[in-house]
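**Q** Below is one structure. I have some questions about it.
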Amino acid sequence: MKLGFQSLEGRIATLFLVLIIVLQVLGLLVIQRGIDSNARAAIATELTNGEKVFRKLIEQNAQKRRYSAQLLARDTGFVQAVGNDGSGDRATIQSALENGAGRAHAALTMLIDGDRKVKVTTGIRKAAALEQQVLGLLDQSEQSDGAGAGGIAVVDGRPFQIVVMPVKAPITIAWVVMGFAIDRQLAIDMKELSALDVAIFARDAERGWLPIEATVAPALVGAMTADLQARHAGTAHTFDVDIKGSKYSARMVDIGREGEPGVSVMLARSIEEATAEYAHLEQRLILLTVIGIIVGAVASVLTAKRIAQPLRQLAGIARRLERGDYRAQTGLVRNDEIGALAKAFDSMRDGIAKREQEISRLAYWDPLTNLPNRAQFVRLLNDNLAEAQKREQPVCVLMMDLDRFKHVNDVMGHTFGDALLRQVALRLQLQLSEAHADAHVARLGGDEFAVLLPGSDIDSARAIAARLLAALEQPLSLDDQTVDIGAGLGIAGYPRHADDAEALLSMAEVAMYTAKQRNDGAVVYDALIDKASDTSLSLLTELRNAIERDEFRLHVQPKMKLDTGEVVGVESLVRWQHPERGNVFPDEFIPFAEQTGFIRVLTRWVLEQSAALCHEMAAKGIHLKVSVNLSTRDLLDQDLPNKFLDILDRHQVAPESFCLEITESAIMDDPVRAQQTLERLHAMGVDLSIDDFGTGYSSLAYLKRLPVDELKIDKSFVLNMENDIGDTKIVRSTIDLGHNMGLRVVAEGIESEAVWRLLAALGCDQGQGYFMSRPIPGDQLVEWIRNWVPPVRSALPYADTIGTAGTIS
């Protein structure tokens, strides 16, 4: 094994090793920095929380001490001793104050008389600054409604917690003042609560910071004091303190009076102690980094060997087969294994050139159309993808499937179908030669074609797809026969959707079938389409179970005459009450049912339930015409009339009680078979209706031949007709057309009284929509009819208004 840097194996090993070392070291540095950052953040949080805890502790102490002062202030004997004007016996008052101070553990006491003068003091000599601060607390005490007041004061260089409590009889006659020394116990209590070191400092205007009590060693207290003196001021933020080689993160908490030299507390956390728990983790990370580098080095060497060894083996095989290879020149001049492989393949090229040509012709070209087949198309696509990756260019794939080709093949024969495929191939080649000179078209099999568009993005592919579809929509003339065909077309592209040939073809195929299902021309692949495809795999089983488990529900939407408001019919609709997913919307299962053929089972269920409802309503004296939708597959079922007649007989319902609705597109899929089915149904006495009229592509000449009794104007024209003159004109024209053909005209999608009145004025016979009623369960129909009240007819006909305006003339 050669590990020199000149060999591919050596370069791969070196590259991998360098990458591993860099990544390991960077990872270690990032983790160490993260550990330090987290530790710092944790310390800052501890100090912030510690400040809150300390202030809470001070407040709790103040509450206890105010309570002690309150006991003394409310003592009856003490109040009597003070007297009504606070001028009682001085000796008695002093004795009472000393007893109260002893019980409360107060270091000093005062009695302020009603004139706000110090009458008696115990425990201290007279301090003007203290008396001044106490006098400032008297008003605060009065405003506290007897709860007293408190503060922090410095007396003789030491901090005291001062509480003031009024003496009332019943009005305030004096004030009791108690002072409690802030001592080491407070610092100890704080450390037990927060695990932080505590140092209490008094601040003097002349001498600066003076240490009072601390939980750290005296030597450290001195260092802390010196650090504070150097800073010249306290800070409310976290800062670092270096105390005799030990680093602390500290926070100053001011508990004195604002604006005056007072008392501050330093809360400190040892940085070394806080980060000690991370030290073992860092050591382990360093160990893991070293191990990772060693393992990476071994893996790099082994990986390089695994990559280079097959290349050397291929080079040896190529030399033995030097009489054959591919046409293309490798063009590689290298001194490593890849260079040797290139020379070997070059030597093989000449030997098999002629044979490869013929084999390629048989294996990669379609003999019918002389186009590349699927295998060749995949090769072309892979080559173009590789080139596109180098040049950072897009590549798009179009896949199309001809519409109605199977029907043409069955009716006209396979010879005619083969000729049709050749014509389609020529038409595609002609269009692509004009639209994209570098495009490749291939026949994948059957009536499926694919187009490769190098250098084209999705927008360009859409434009070319539209051009191809437009060309295919032009009739083809073969053997004196004119054939109309179309295609469903799917689009997928690199790098947007995938980066390999099979994935792109699969995605284009998914988009193609979606286009055929939607009758939507060209569709660009979307991941949601695949998701919907996966979901639909189990949908057919669930639909079959829904029939067996009686999960479907019949809903109806009333139809009424627009001139009188009389209910004359209903449209039957199906709803699915899924036991796990709840109400499943029809749009989620009806298209799938049509695609799979399950729609025939669903239609039979709706006809059964509608016939039963019709019989039930007739028994109650309510005679309505029930409308049921038929799909394309229903119309192609030549046995549908017999099945429907059997249902009518079993439920004892007359055919005249039903109106079957079909769409224009359903009829045009197979006009001959559809017309045969419709004529047999009409002969039974069933009314027929063209649903969603105006949205299809059928000709009036063909519709005139159909045995229909009713036209339903699509709701897309009705919803906004009161605001859209164009929609109003279309609706009026459709109403006139229907009446001229002797048909009943029904409007769906009526959502306001204004649209109702406009349709009635235009002469529309019947209507349905949310203004009258949303679809309701069939068993609620009788109650709804009883409660139905049509809108009051306007005194001024709506038609006169619109006629005067001239909006639809």
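All residue names refer to the structure tokens as shown: chains lettered A, B, ... in order, residues numbered from 1 in each chain, ligands numbered from 1 in order.
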Can you tell me which residues surround Arg774 in chain A at a distance of at most 8 Å, considering only C-alpha atoms, apart from same-chain residues fewer than 4 positions away, and format the answer as a PyMOL selection string?
**A** chain A and resi 557+769-770
**Q** Counting only C-alpha atoms, what is within 7 Å of range 740-755 of chain A, bar same-chain residues fewer than 5 positions away, as a list in words?
**A**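 Once the nearby chain positions are removed, what remains is Asp709, Glu710, Leu711, Lys712, Ile713, Asp714, Lys715, Val718, Leu719, Glu722, Ile735, Cys764, Asp765, Gln766, Gly767, Gln768, Gly769, Tyr770 and Phe771 of chain A.
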**Q** Could you dump the residues just selected with N, CA, C and O atoms as a PDB file, in the first residue's frame?
**A**
```pdb
ATOM      1  N   ASP A 709     -83.496  16.976 -19.179  1.00  0.00           N
ATOM      2  CA  ASP A 709     -84.674  17.762 -18.798  1.00  0.00           C
ATOM      3  C   ASP A 709     -84.301  19.027 -18.035  1.00  0.00           C
ATOM      4  O   ASP A 709     -85.162  19.889 -17.817  1.00  0.00           O
ATOM      5  N   GLU A 710     -83.033  19.142 -17.614  1.00  0.00           N
ATOM      6  CA  GLU A 710     -82.677  20.218 -16.697  1.00  0.00           C
ATOM      7  C   GLU A 710     -81.242  20.654 -16.937  1.00  0.00           C
ATOM      8  O   GLU A 710     -80.374  19.845 -17.265  1.00  0.00           O
ATOM      9  N   LEU A 711     -81.008  21.955 -16.769  1.00  0.00           N
ATOM     10  CA  LEU A 711     -79.657  22.513 -16.767  1.00  0.00           C
ATOM     11  C   LEU A 711     -79.395  23.111 -15.394  1.00  0.00           C
ATOM     12  O   LEU A 711     -80.215  23.862 -14.863  1.00  0.00           O
ATOM     13  N   LYS A 712     -78.234  22.781 -14.805  1.00  0.00           N
ATOM     14  CA  LYS A 712     -77.832  23.382 -13.535  1.00  0.00           C
ATOM     15  C   LYS A 712     -76.685  24.344 -13.801  1.00  0.00           C
ATOM     16  O   LYS A 712     -75.622  23.938 -14.278  1.00  0.00           O
ATOM     17  N   ILE A 713     -76.916  25.619 -13.476  1.00  0.00           N
ATOM     18  CA  ILE A 713     -75.879  26.634 -13.687  1.00  0.00           C
ATOM     19  C   ILE A 713     -74.826  26.482 -12.591  1.00  0.00           C
ATOM     20  O   ILE A 713     -75.154  26.457 -11.399  1.00  0.00           O
ATOM     21  N   ASP A 714     -73.570  26.394 -12.992  1.00  0.00           N
ATOM     22  CA  ASP A 714     -72.494  26.188 -12.022  1.00  0.00           C
ATOM     23  C   ASP A 714     -72.417  27.364 -11.047  1.00  0.00           C
ATOM     24  O   ASP A 714     -72.588  28.526 -11.422  1.00  0.00           O
ATOM     25  N   LYS A 715     -72.130  27.050  -9.768  1.00  0.00           N
ATOM     26  CA  LYS A 715     -72.125  28.078  -8.730  1.00  0.00           C
ATOM     27  C   LYS A 715     -71.042  29.128  -8.932  1.00  0.00           C
ATOM     28  O   LYS A 715     -71.127  30.220  -8.385  1.00  0.00           O
ATOM     29  N   VAL A 718     -72.783  31.983 -10.192  1.00  0.00           N
ATOM     30  CA  VAL A 718     -73.899  32.477  -9.388  1.00  0.00           C
ATOM     31  C   VAL A 718     -73.410  33.245  -8.163  1.00  0.00           C
ATOM     32  O   VAL A 718     -74.008  34.237  -7.756  1.00  0.00           O
ATOM     33  N   LEU A 719     -72.299  32.776  -7.558  1.00  0.00           N
ATOM     34  CA  LEU A 719     -71.879  33.301  -6.260  1.00  0.00           C
ATOM     35  C   LEU A 719     -71.749  34.819  -6.246  1.00  0.00           C
ATOM     36  O   LEU A 719     -72.177  35.481  -5.302  1.00  0.00           O
ATOM     37  N   GLU A 722     -74.324  39.248  -8.391  1.00  0.00           N
ATOM     38  CA  GLU A 722     -74.896  40.557  -8.055  1.00  0.00           C
ATOM     39  C   GLU A 722     -73.851  41.659  -8.161  1.00  0.00           C
ATOM     40  O   GLU A 722     -74.203  42.834  -8.258  1.00  0.00           O
ATOM     41  N   ILE A 735     -79.948  30.822 -18.838  1.00  0.00           N
ATOM     42  CA  ILE A 735     -81.384  30.650 -18.562  1.00  0.00           C
ATOM     43  C   ILE A 735     -82.179  30.704 -19.866  1.00  0.00           C
ATOM     44  O   ILE A 735     -83.053  29.853 -20.129  1.00  0.00           O
ATOM     45  N   CYS A 764     -85.093  32.279 -13.716  1.00  0.00           N
ATOM     46  CA  CYS A 764     -84.574  30.972 -13.317  1.00  0.00           C
ATOM     47  C   CYS A 764     -85.661  30.208 -12.561  1.00  0.00           C
ATOM     48  O   CYS A 764     -86.372  30.769 -11.719  1.00  0.00           O
ATOM     49  N   ASP A 765     -85.808  28.925 -12.859  1.00  0.00           N
ATOM     50  CA  ASP A 765     -86.919  28.148 -12.306  1.00  0.00           C
ATOM     51  C   ASP A 765     -86.689  27.751 -10.859  1.00  0.00           C
ATOM     52  O   ASP A 765     -87.555  27.970 -10.001  1.00  0.00           O
ATOM     53  N   GLN A 766     -85.561  27.145 -10.578  1.00  0.00           N
ATOM     54  CA  GLN A 766     -85.310  26.617  -9.238  1.00  0.00           C
ATOM     55  C   GLN A 766     -83.899  26.998  -8.778  1.00  0.00           C
ATOM     56  O   GLN A 766     -83.060  27.410  -9.582  1.00  0.00           O
ATOM     57  N   GLY A 767     -83.663  26.834  -7.481  1.00  0.00           N
ATOM     58  CA  GLY A 767     -82.344  27.140  -6.962  1.00  0.00           C
ATOM     59  C   GLY A 767     -82.059  26.409  -5.663  1.00  0.00           C
ATOM     60  O   GLY A 767     -82.966  25.901  -5.000  1.00  0.00           O
ATOM     61  N   GLN A 768     -80.790  26.377  -5.309  1.00  0.00           N
ATOM     62  CA  GLN A 768     -80.339  25.796  -4.055  1.00  0.00           C
ATOM     63  C   GLN A 768     -79.073  26.519  -3.624  1.00  0.00           C
ATOM     64  O   GLN A 768     -78.361  27.085  -4.447  1.00  0.00           O
ATOM     65  N   GLY A 769     -78.796  26.516  -2.329  1.00  0.00           N
ATOM     66  CA  GLY A 769     -77.593  27.171  -1.839  1.00  0.00           C
ATOM     67  C   GLY A 769     -77.661  27.419  -0.355  1.00  0.00           C
ATOM     68  O   GLY A 769     -78.687  27.155   0.303  1.00  0.00           O
ATOM     69  N   TYR A 770     -76.585  27.952   0.206  1.00  0.00           N
ATOM     70  CA  TYR A 770     -76.478  28.152   1.653  1.00  0.00           C
ATOM     71  C   TYR A 770     -77.466  29.196   2.168  1.00  0.00           C
ATOM     72  O   TYR A 770     -77.776  29.214   3.351  1.00  0.00           O
ATOM     73  N   PHE A 771     -77.955  30.095   1.275  1.00  0.00           N
ATOM     74  CA  PHE A 771     -78.944  31.076   1.735  1.00  0.00           C
ATOM     75  C   PHE A 771     -80.196  30.375   2.208  1.00  0.00           C
ATOM     76  O   PHE A 771     -80.814  30.766   3.200  1.00  0.00           O
TER      77      PHE A 771
END
```
**Q** Have a look at CA of Gly102 in chain A and CA of Ile124 in chain A and let me know their distance in Å, one decimal.
**A**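 Pair CA of Gly102 in chain A / CA of Ile124 in chain A returns 14.2 Å.
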**Q** Find the residue from A:Leu28, A:Ile200, A:Leu607, A:Val731 that sits nearest to Arg251 in chain A; use only C-alpha atoms when measuring.
**A** A:Ile200
**Q** Please list as number ranges by chain every residue within 7 Å of Trp209 in chain A, counting only C-alpha atoms and excluding residues in the same chain fewer than 5 positions away.
**A** A: 201-204, 225, 229
**Q** Fewer than 3 positions away in the same chain doesn't count, so skip those; otherwise give me all residues within 12 Å of Gly417 in chain A, counting only C-alpha atoms, as a PyMOL selection string.
**A** chain A and resi 368-369+402+404-414+420-424+446-447+476+478-479+481+483+485
**Q** Just write the chosen residues, C-alpha atoms, as a PDB file, in the first residue's frame.
**A**
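Saved result, selection-v5.pdb, follows:
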```pdb
ATOM      1  CA  LEU A 368     -41.185   1.690 -33.608  1.00  0.00           C
ATOM      2  CA  THR A 369     -40.485   5.419 -33.316  1.00  0.00           C
ATOM      3  CA  LEU A 402     -51.522  10.040 -24.158  1.00  0.00           C
ATOM      4  CA  ARG A 404     -57.677   7.807 -24.871  1.00  0.00           C
ATOM      5  CA  PHE A 405     -54.898   5.894 -26.678  1.00  0.00           C
ATOM      6  CA  LYS A 406     -56.118   2.556 -25.335  1.00  0.00           C
ATOM      7  CA  HIS A 407     -59.576   3.293 -26.696  1.00  0.00           C
ATOM      8  CA  VAL A 408     -58.108   4.185 -30.129  1.00  0.00           C
ATOM      9  CA  ASN A 409     -55.969   1.048 -30.082  1.00  0.00           C
ATOM     10  CA  ASP A 410     -58.953  -1.150 -29.186  1.00  0.00           C
ATOM     11  CA  VAL A 411     -61.278   0.383 -31.770  1.00  0.00           C
ATOM     12  CA  MET A 412     -58.913   1.062 -34.685  1.00  0.00           C
ATOM     13  CA  GLY A 413     -56.449  -1.782 -34.174  1.00  0.00           C
ATOM     14  CA  HIS A 414     -52.804  -2.050 -33.202  1.00  0.00           C
ATOM     15  CA  LEU A 420     -50.415   7.083 -34.324  1.00  0.00           C
ATOM     16  CA  LEU A 421     -47.420   6.712 -31.991  1.00  0.00           C
ATOM     17  CA  ARG A 422     -45.037   7.444 -34.867  1.00  0.00           C
ATOM     18  CA  GLN A 423     -46.985  10.589 -35.726  1.00  0.00           C
ATOM     19  CA  VAL A 424     -46.889  11.707 -32.109  1.00  0.00           C
ATOM     20  CA  GLY A 446     -46.801   2.006 -24.507  1.00  0.00           C
ATOM     21  CA  ASP A 447     -48.145   5.523 -24.958  1.00  0.00           C
ATOM     22  CA  LEU A 476     -54.107  13.748 -36.302  1.00  0.00           C
ATOM     23  CA  LEU A 478     -54.265   8.772 -40.461  1.00  0.00           C
ATOM     24  CA  ASP A 479     -55.780   6.524 -43.145  1.00  0.00           C
ATOM     25  CA  GLN A 481     -59.352   8.971 -40.008  1.00  0.00           C
ATOM     26  CA  VAL A 483     -58.121  11.364 -34.218  1.00  0.00           C
ATOM     27  CA  ILE A 485     -55.752  13.085 -28.596  1.00  0.00           C
TER      28      ILE A 485
END
```
**Q** Calculated over only C-alpha atoms, which of the candidates A:Leu428, A:Leu660, A:Ala450, A:Ile43 has the smallest distance to Asn629 in chain A?
**A**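 Among the listed residues, A:Leu660 lies closest to Asn629 in chain A.
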**Q** Per DSSP on the backbone, what are the strand (DSSP E or B) residues of range 67-223 of chain A, as a PyMOL selection string?
**A** chain A and resi 108-113+118-122+149-155+158-168+172-181+197-204+208-214
**Q** DSSP on the backbone: what in range 455-543 of chain A comes out helix (DSSP H, G or I), as a PyMOL selection string?
**A** chain A and resi 458-472+501-518+527-536+539-543
**Q** Of the residues A:Ile491, A:Val167, A:Ala62, A:Ala498, which is the one nearest to Asp113 in chain A, using only C-alpha atoms?
**A**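 Of A:Ile491, A:Val167, A:Ala62, A:Ala498, the one nearest Asp113 in chain A is A:Val167, counting only C-alpha atoms.
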